[in-house]
Amino acid sequence: MNTASPARVAVVTGGTAGIGLACAEHLLAIGHRVAIFSTQPARVEKAREDLSRRFGAEKVIAEVVDLREPDALKAFFEQVEKTWSSPGVLVCNAGFSPKHNHHRLAFDAIPLSEWNNVLAINLTGAMLCCQLVAPGMAAKGFGRIIFIGSIAGRAIPRIAGASYVASKAALAGMAKSLVSEYSSHGVTTNTVAPGNVLTEMMAPPDSSAGQAALARIPSGRMGRPEDIAALVAFLASDQAEFINGAIIDVNGGEYLPS
């Protein structure tokens with residue numbers, strides 16, 4: 001894929017590990033300046049050091065921010081704009097999938113506090129980020145909003161709990177509203193739905209759940225964060241301007257929509 005495009009400012013939520021970090025790396029590699037955040041200070045510091053060493057400190061912002069804190073989130077985006085400019089690319093990757101002894105809770109056992117917490121991070125946090133960047137993108141006539149969804153929001157969930165499934169399915173619904181409102185201003189919104197990818201969120205590959213997941217994948221291997229990041233980098237490019245409102249499954253053939 002040719003991802004050549006002008007260097008822009010990109011924000012990747014949850015960008016200090018797994019898919020988010022891979023997205024940050026790919027965007028930096030093609031010339032963008034990238035701001036990332038998560039809630040874990042040690043990971044933020046490590047990601048800042050590693051990315052700055054590889055791509056230049058002037059191209060990296062990494063901060064500790066909680067998506068559940070609107071004021072802190074707003075301050076982060078204001079910092080990005082003050083340091084560089086308003087973002088042209090937003091990758092909403094941050095996500096939380098609670099497990100209890102490596103298992104999901106039964107539907108009727110989910111505490112309301114857990115349900116609200118998952119949606120606050122996975123869905124409302126993404127909404128707040130979009131509110132902070134979409135008007136600026138529209139004013140400039142260019143924007144790329146990319147949601148990281150999940151196979152769990154597309155197919156019958158096997159491991160993920162109901163709160164995670166609902167939040168990831170809802171991202172595609174929110175994308176429709178953004179497409180309706182901002183497409184005429186040069187802003188596209190798409191959802192990437194990964195399957196089983198080798199990150200901390202997935203069951204260990206050598207566990208029974210991991211082996212069962214592998215057996216369901218026709219391609220014969222688990223996904224890698226780079227598989228998702230390569231697509232995200234393309235969707236962020238000028239060449240992807242006619243891809244809008246899509247849900248793109250990246251799962252090795254495990255789920256095939258009709």
# chains A, B, ... in the order shown; residues from 1 in each chain; ligands from 1
$ residues_around --residues "Phe147 (chain A)" --least-positions-apart "5" --cutoff "6 Å" --atoms "only C-alpha atoms" --output "MDAnalysis selection string"
chainID A and resid 91:92 191
$ write_last_selection --atoms "C-alpha atoms" --output "compact mmCIF listing (two decimals), in the first residue's frame"
# COMPACT_ATOMS: atom_id res chain seq x y z
CA VAL A 91 -6.98 6.62 16.29
CA CYS A 92 -9.36 5.60 19.08
CA THR A 191 -13.78 1.12 12.09
$ select_by_dssp --residues "region 83-212 of chain A" --states "strand (DSSP E)" --output "PyMOL selection string"
chain A and resi 89-92+143-148+187-194
$ residues_around --residues "Leu112 (chain A)" --least-positions-apart "5" --cutoff "12 Å" --atoms "only C-alpha atoms" --output "number ranges by chain"
A: 107, 117-119, 162-163
$ select_by_dssp --residues "region 129-212 of chain A" --states "helix (DSSP H, G or I)" --output "ChimeraX atom specification"
/A:129-140,151-153,162-185,208-212
$ residues_around --residues "region 6-8 of chain A" --least-positions-apart "2" --cutoff "10 Å" --atoms "only C-alpha atoms" --output "VMD selection string"
chain A and resid 3 to 4 10 27 to 28 30 to 34 84 to 89 143 236 to 238
$ write_last_selection --atoms "C-alpha atoms" --output "PDB file, in the first residue's frame"
ATOM      1  CA  THR A   3       0.708   5.550   2.323  1.00  0.00           C
ATOM      2  CA  ALA A   4       2.578   8.651   1.152  1.00  0.00           C
ATOM      3  CA  ALA A  10      -1.925  12.120  14.861  1.00  0.00           C
ATOM      4  CA  LEU A  27       2.379   6.630  11.703  1.00  0.00           C
ATOM      5  CA  LEU A  28       5.753   7.956  12.847  1.00  0.00           C
ATOM      6  CA  ILE A  30       5.600   7.557   7.438  1.00  0.00           C
ATOM      7  CA  GLY A  31       6.372  11.021   8.751  1.00  0.00           C
ATOM      8  CA  HIS A  32       3.563  12.014  11.095  1.00  0.00           C
ATOM      9  CA  ARG A  33       4.033  13.576  14.500  1.00  0.00           C
ATOM     10  CA  VAL A  34       2.274  11.385  17.017  1.00  0.00           C
ATOM     11  CA  TRP A  84       2.208  21.310  16.992  1.00  0.00           C
ATOM     12  CA  SER A  85      -1.250  21.941  15.558  1.00  0.00           C
ATOM     13  CA  SER A  86      -4.702  20.412  15.753  1.00  0.00           C
ATOM     14  CA  PRO A  87      -4.756  16.683  14.917  1.00  0.00           C
ATOM     15  CA  GLY A  88      -5.552  15.529  11.418  1.00  0.00           C
ATOM     16  CA  VAL A  89      -5.649  11.876  12.473  1.00  0.00           C
ATOM     17  CA  GLY A 143      -9.576  14.430   8.913  1.00  0.00           C
ATOM     18  CA  ALA A 236      -4.978   7.741   7.747  1.00  0.00           C
ATOM     19  CA  SER A 237      -3.519   8.566   4.353  1.00  0.00           C
ATOM     20  CA  ASP A 238      -4.764  10.717   1.491  1.00  0.00           C
TER      21      ASP A 238
END
$ residues_around --residues "Arg48 (chain A)" --least-positions-apart "2" --cutoff "12 Å" --atoms "only C-alpha atoms" --output "PyMOL selection string"
chain A and resi 15-17+21+24-25+34-38+41-46+50-64
$ closest_residue --among "A:Thr39, A:Ala138, A:Ala230, A:Leu132" --to "Leu67 (chain A)" --atoms "only C-alpha atoms"
A:Thr39
$ residues_around --residues "Glu181 (chain A)" --least-positions-apart "6" --cutoff "10 Å" --atoms "only C-alpha atoms" --output "PyMOL selection string"
chain A and resi 134+138+175+187
$ write_last_selection --atoms "N, CA and C atoms" --output "mmCIF file, in the first residue's frame"
data_model
loop_
_atom_site.group_PDB
_atom_site.id
_atom_site.type_symbol
_atom_site.label_atom_id
_atom_site.label_comp_id
_atom_site.auth_asym_id
_atom_site.auth_seq_id
_atom_site.Cartn_x
_atom_site.Cartn_y
_atom_site.Cartn_z
ATOM 1 N N ALA A 134 -12.937 16.690 15.820
ATOM 2 C CA ALA A 134 -13.701 16.735 14.569
ATOM 3 C C ALA A 134 -13.954 18.156 14.063
ATOM 4 N N ALA A 138 -12.723 19.456 10.369
ATOM 5 C CA ALA A 138 -13.658 19.996 9.384
ATOM 6 C C ALA A 138 -13.227 21.386 8.925
ATOM 7 N N ALA A 175 -19.762 5.851 14.424
ATOM 8 C CA ALA A 175 -19.116 6.233 13.166
ATOM 9 C C ALA A 175 -20.139 6.711 12.135
ATOM 10 N N VAL A 187 -13.690 14.813 6.196
ATOM 11 C CA VAL A 187 -13.376 13.946 7.334
ATOM 12 C C VAL A 187 -13.994 12.573 7.111
#
$ closest_residue --among "A:Ala240, A:Ala106, A:Leu171, A:Val250" --to "Asn196 (chain A)" --atoms "only C-alpha atoms"
A:Val250
$ closest_residue --among "A:Thr83, A:Pro135, A:Ala126, A:Ile159" --to "Lys99 (chain A)" --atoms "only C-alpha atoms"
A:Ile159
$ atom_distance --atom1 "CA of Glu254 (chain A)" --atom2 "CA of Glu226 (chain A)"
17.9 Å
$ closest_residue --among "A:Lys168, A:His100, A:Arg158, A:His185" --to "Gly141 (chain A)" --atoms "only C-alpha atoms"
A:His185
$ closest_residue --among "A:Ala193, A:Pro225, A:Leu128, A:Ser208" --to "Leu256 (chain A)" --atoms "only C-alpha atoms"
A:Ala193
$ residues_around --residues "region 243-246 of chain A" --least-positions-apart "6" --cutoff "8 Å" --atoms "only C-alpha atoms" --output "MDAnalysis selection string"
chainID A and resid 175:176 179 188:191 235
$ closest_atom_pairs --of "region 94-139 of chain A" --to "region 201-206 of chain A" --cutoff "10 Å" --atoms "only C-alpha atoms" --output "JSON lines"
{"residue": "A:Gly95", "atom": "CA", "partner": "A:Met201", "partner_atom": "CA", "distance": 9.3}
{"residue": "A:Phe96", "atom": "CA", "partner": "A:Met201", "partner_atom": "CA", "distance": 8.3}
{"residue": "A:Ser97", "atom": "CA", "partner": "A:Met201", "partner_atom": "CA", "distance": 7.1}
{"residue": "A:Pro98", "atom": "CA", "partner": "A:Met201", "partner_atom": "CA", "distance": 9.1}
{"residue": "A:Lys99", "atom": "CA", "partner": "A:Met201", "partner_atom": "CA", "distance": 9.3}
{"residue": "A:His102", "atom": "CA", "partner": "A:Ala203", "partner_atom": "CA", "distance": 7.6}
{"residue": "A:His103", "atom": "CA", "partner": "A:Ala203", "partner_atom": "CA", "distance": 9.5}
